[in-house]
Amino acid sequence: MAAPRLEPELARQLFFEGAAVVMLGVPEGTEFGIDYSSWAVGPRFRGVKMIPPGVHFVHCSAARPGGGRETGPRTGFFLALRRRELRLLRWDAAGEALGPAPEGEAEALRENLRELDPFLGPYPYERLKKWVSLTSFVSEAAVKRLQPESGQICAFAEVLPVAAGRLSSDRAEQRLPRFDAECRSYAEGLARLPRMEPRAGTRIRFTELPKQTYPEGATPAEVTRHSMDLSYALERVLAQRYASQPLELLAELQFAFICFLIGNVYDAFEHWKRLLNILCRSEDAIGRYPDLYVNLISVLYHQLSEIPADFFVDIVSQDNFLTSTLQVFFSCTCSAAVDGTLRRKAEKFKAHLTKKFKWDFEAEPDDCAPVVVELPEGVQVE
């Protein structure tokens, strides 16, 4: 690990006030990382020192047998580190992941920390500003609220079948065809696959996003209105956890983005997209929560700065998700009724994205076209 160039006074301050993460038993060749940096573990590596206090993301990928540069799926977890804190982690060979060591071991190690110093690499301070900008709302409380109960965030979560299905009798009870029965279509083949869900305690505890965007008993006109303006859905999201502090919702948006960008968790990316869609399409809420939306623009500015210019062409723009979503958002923020600070910041952000990604936000949004909405069962238009 190459040492970053620090001013002598800053280096001295971090040396005495910074935290340290020590790792024991990590196999050589394992990819280890903290926040936005990662390295291949060498024979002398034992951890990282001079870590600025705050929330950090520690992650690793096990080396594959036989050497080479290929590594296994990434696992990681968020840590909230305090001044001069020593956090001891130990390698779990069976799970190919790092986990906390017993407290007694950490206390014993603290007495010999000076001897370990030559084996600890300095935190890459030159990338701290970028990390802080991506996690500005992620607090220790947010980590406790969102991190899986298992404490591990895995790129490929372990899944189990919802119902038993190995035996013919199991399938008969569920009215499923036998395994050796002829499959007559692709759709039938998919339907035969067992329904899977993550092992208990391994799921990231994101806020549940509503599938229905309108209240029960809504009239056809109300269904249409709530399907175009998602403020009702946003209020339901806020009511679950963030009623008193709406800005905390941005911590969840940042947490999901980090889990995707660094943790390689695709489900987190899907949650980020769905949550952003609700935020950007809530026209009434934009007027009610100007502070939330001013800060949302800052969050998105830093997040999209980490994405290559062609990223959305290859992945997101299959359905033009981001361009169409932000187009609706900008059409809402240009109203004279919107807070002036928010309106001006939105205009600057739109200009920035137009220049960087060459996106056209002036074309008529798809939302201006006729919208077909699904009415609740039993509701008919007179």
# chains A, B, ... in the order shown; residues from 1 in each chain; ligands from 1

$ select_by_dssp --residues "segment 112-148 of chain A" --states "helix (DSSP H, G or I)" --output "PDB file with C-alpha atoms, in the first residue's frame"
ATOM      1  CA  LEU A 113      -0.003  -1.997  18.791  1.00  0.00           C
ATOM      2  CA  ARG A 114       3.372  -0.263  18.407  1.00  0.00           C
ATOM      3  CA  GLU A 115       4.958  -3.536  17.321  1.00  0.00           C
ATOM      4  CA  LEU A 116       2.254  -3.914  14.650  1.00  0.00           C
ATOM      5  CA  ASP A 117       2.768  -0.423  13.254  1.00  0.00           C
ATOM      6  CA  PRO A 118       5.223  -1.445  10.468  1.00  0.00           C
ATOM      7  CA  PHE A 119       2.572  -3.885   9.190  1.00  0.00           C
ATOM      8  CA  TYR A 125      -6.338  10.337   2.910  1.00  0.00           C
ATOM      9  CA  GLU A 126      -6.308  11.809  -0.594  1.00  0.00           C
ATOM     10  CA  ARG A 127      -9.606   9.994  -1.290  1.00  0.00           C
ATOM     11  CA  LEU A 128     -11.318  10.965   1.974  1.00  0.00           C
ATOM     12  CA  LYS A 129     -13.066  14.012   0.476  1.00  0.00           C
ATOM     13  CA  LYS A 130     -14.703  11.836  -2.180  1.00  0.00           C
ATOM     14  CA  TRP A 131     -15.816   9.293   0.433  1.00  0.00           C
ATOM     15  CA  VAL A 132     -17.283  11.968   2.705  1.00  0.00           C
ATOM     16  CA  SER A 133     -19.216  13.489  -0.207  1.00  0.00           C
ATOM     17  CA  LEU A 134     -20.799  10.088  -0.948  1.00  0.00           C
ATOM     18  CA  GLU A 140     -23.846   5.471  12.842  1.00  0.00           C
ATOM     19  CA  ALA A 141     -27.608   5.373  13.511  1.00  0.00           C
ATOM     20  CA  ALA A 142     -28.291   4.908   9.782  1.00  0.00           C
ATOM     21  CA  VAL A 143     -25.788   2.037   9.636  1.00  0.00           C
ATOM     22  CA  LYS A 144     -27.489   0.287  12.564  1.00  0.00           C
ATOM     23  CA  ARG A 145     -30.870   0.814  10.935  1.00  0.00           C
ATOM     24  CA  LEU A 146     -29.967  -0.444   7.445  1.00  0.00           C
TER      25      LEU A 146
END

$ residues_around --residues "Val138 of chain A" --least-positions-apart "3" --cutoff "10 Å" --atoms "only C-alpha atoms" --output "list in words"
Gly54, Val55, His56, Phe78, Ala80, Val132, Leu134, Thr135, Ala141, Ala142, Val143, Glu248, Leu249, Leu250, Ala251, Glu252, Leu253, Gln254 and Phe255 of chain A

$ residues_around --residues "Thr202 of chain A" --least-positions-apart "2" --cutoff "6 Å" --atoms "only C-alpha atoms" --output "PyMOL selection string"
chain A and resi 148+150+199-200

$ write_last_selection --atoms "C-alpha atoms" --output "mmCIF file, in the first residue's frame"
data_model
loop_
_atom_site.group_PDB
_atom_site.id
_atom_site.type_symbol
_atom_site.label_atom_id
_atom_site.label_comp_id
_atom_site.auth_asym_id
_atom_site.auth_seq_id
_atom_site.Cartn_x
_atom_site.Cartn_y
_atom_site.Cartn_z
ATOM 1 C CA PRO A 148 -28.229 -6.645 7.691
ATOM 2 C CA SER A 150 -25.840 -10.685 10.083
ATOM 3 C CA ARG A 199 -31.444 -16.377 4.244
ATOM 4 C CA ALA A 200 -32.902 -14.768 7.359
#

$ residues_around --residues "Arg74 of chain A" --least-positions-apart "2" --cutoff "10 Å" --atoms "only C-alpha atoms" --output "PDB file with N, CA and C atoms, in the first residue's frame"
ATOM      1  N   GLU A  31      -8.298  -9.597  -1.958  1.00  0.00           N
ATOM      2  CA  GLU A  31      -8.488  -8.170  -2.228  1.00  0.00           C
ATOM      3  C   GLU A  31      -9.153  -7.544  -1.009  1.00  0.00           C
ATOM      4  N   PHE A  32      -8.490  -6.576  -0.411  1.00  0.00           N
ATOM      5  CA  PHE A  32      -9.020  -5.888   0.762  1.00  0.00           C
ATOM      6  C   PHE A  32      -9.202  -4.414   0.435  1.00  0.00           C
ATOM      7  N   HIS A  59     -14.307  -3.885   3.020  1.00  0.00           N
ATOM      8  CA  HIS A  59     -14.763  -4.936   2.114  1.00  0.00           C
ATOM      9  C   HIS A  59     -13.602  -5.816   1.678  1.00  0.00           C
ATOM     10  N   CYS A  60     -13.916  -7.024   1.232  1.00  0.00           N
ATOM     11  CA  CYS A  60     -12.867  -7.955   0.798  1.00  0.00           C
ATOM     12  C   CYS A  60     -13.438  -8.947  -0.205  1.00  0.00           C
ATOM     13  N   SER A  61     -12.552  -9.521  -0.989  1.00  0.00           N
ATOM     14  CA  SER A  61     -12.893 -10.580  -1.939  1.00  0.00           C
ATOM     15  C   SER A  61     -11.801 -11.640  -1.831  1.00  0.00           C
ATOM     16  N   ALA A  62     -12.199 -12.868  -1.548  1.00  0.00           N
ATOM     17  CA  ALA A  62     -11.229 -13.939  -1.332  1.00  0.00           C
ATOM     18  C   ALA A  62     -10.492 -14.284  -2.617  1.00  0.00           C
ATOM     19  N   THR A  71     -10.747 -13.047  -8.126  1.00  0.00           N
ATOM     20  CA  THR A  71     -11.177 -13.127  -6.730  1.00  0.00           C
ATOM     21  C   THR A  71     -12.641 -13.529  -6.666  1.00  0.00           C
ATOM     22  N   GLY A  72     -13.077 -13.900  -5.460  1.00  0.00           N
ATOM     23  CA  GLY A  72     -14.460 -14.303  -5.244  1.00  0.00           C
ATOM     24  C   GLY A  72     -15.384 -13.112  -5.090  1.00  0.00           C
ATOM     25  N   GLY A  76     -18.718  -7.182   2.649  1.00  0.00           N
ATOM     26  CA  GLY A  76     -18.257  -6.015   3.391  1.00  0.00           C
ATOM     27  C   GLY A  76     -19.235  -5.604   4.461  1.00  0.00           C
ATOM     28  N   GLU A  96     -15.308 -17.059   3.937  1.00  0.00           N
ATOM     29  CA  GLU A  96     -14.470 -16.195   3.096  1.00  0.00           C
ATOM     30  C   GLU A  96     -14.829 -14.722   3.302  1.00  0.00           C
ATOM     31  N   ALA A  97     -14.811 -14.320   4.587  1.00  0.00           N
ATOM     32  CA  ALA A  97     -15.174 -12.944   4.933  1.00  0.00           C
ATOM     33  C   ALA A  97     -14.486 -12.546   6.227  1.00  0.00           C
ATOM     34  N   ILE A 153     -22.636  -7.497   4.268  1.00  0.00           N
ATOM     35  CA  ILE A 153     -23.290  -7.118   3.014  1.00  0.00           C
ATOM     36  C   ILE A 153     -22.597  -7.888   1.900  1.00  0.00           C
ATOM     37  N   CYS A 154     -23.335  -8.773   1.244  1.00  0.00           N
ATOM     38  CA  CYS A 154     -22.735  -9.690   0.269  1.00  0.00           C
ATOM     39  C   CYS A 154     -23.208  -9.363  -1.145  1.00  0.00           C
ATOM     40  N   ALA A 155     -22.267  -9.394  -2.074  1.00  0.00           N
ATOM     41  CA  ALA A 155     -22.614  -9.143  -3.474  1.00  0.00           C
ATOM     42  C   ALA A 155     -23.618 -10.177  -3.970  1.00  0.00           C
ATOM     43  N   PHE A 156     -23.443 -11.424  -3.541  1.00  0.00           N
ATOM     44  CA  PHE A 156     -24.383 -12.489  -3.890  1.00  0.00           C
ATOM     45  C   PHE A 156     -24.908 -13.082  -2.592  1.00  0.00           C
ATOM     46  N   ILE A 262     -19.678   0.078  -4.494  1.00  0.00           N
ATOM     47  CA  ILE A 262     -18.492  -0.542  -3.900  1.00  0.00           C
ATOM     48  C   ILE A 262     -18.764  -1.982  -3.481  1.00  0.00           C
ATOM     49  N   GLY A 263     -19.971  -2.244  -2.961  1.00  0.00           N
ATOM     50  CA  GLY A 263     -20.296  -3.598  -2.499  1.00  0.00           C
ATOM     51  C   GLY A 263     -20.758  -4.534  -3.590  1.00  0.00           C
ATOM     52  N   ASN A 264     -21.033  -3.997  -4.804  1.00  0.00           N
ATOM     53  CA  ASN A 264     -21.466  -4.809  -5.958  1.00  0.00           C
ATOM     54  C   ASN A 264     -22.807  -5.502  -5.724  1.00  0.00           C
ATOM     55  N   VAL A 265     -23.684  -4.885  -4.930  1.00  0.00           N
ATOM     56  CA  VAL A 265     -24.997  -5.474  -4.630  1.00  0.00           C
ATOM     57  C   VAL A 265     -26.016  -4.910  -5.614  1.00  0.00           C
TER      58      VAL A 265
END

$ closest_residue --among "A:Arg195, A:Arg184, A:His226, A:Arg281" --to "Thr325 of chain A" --atoms "only C-alpha atoms"
A:Arg281
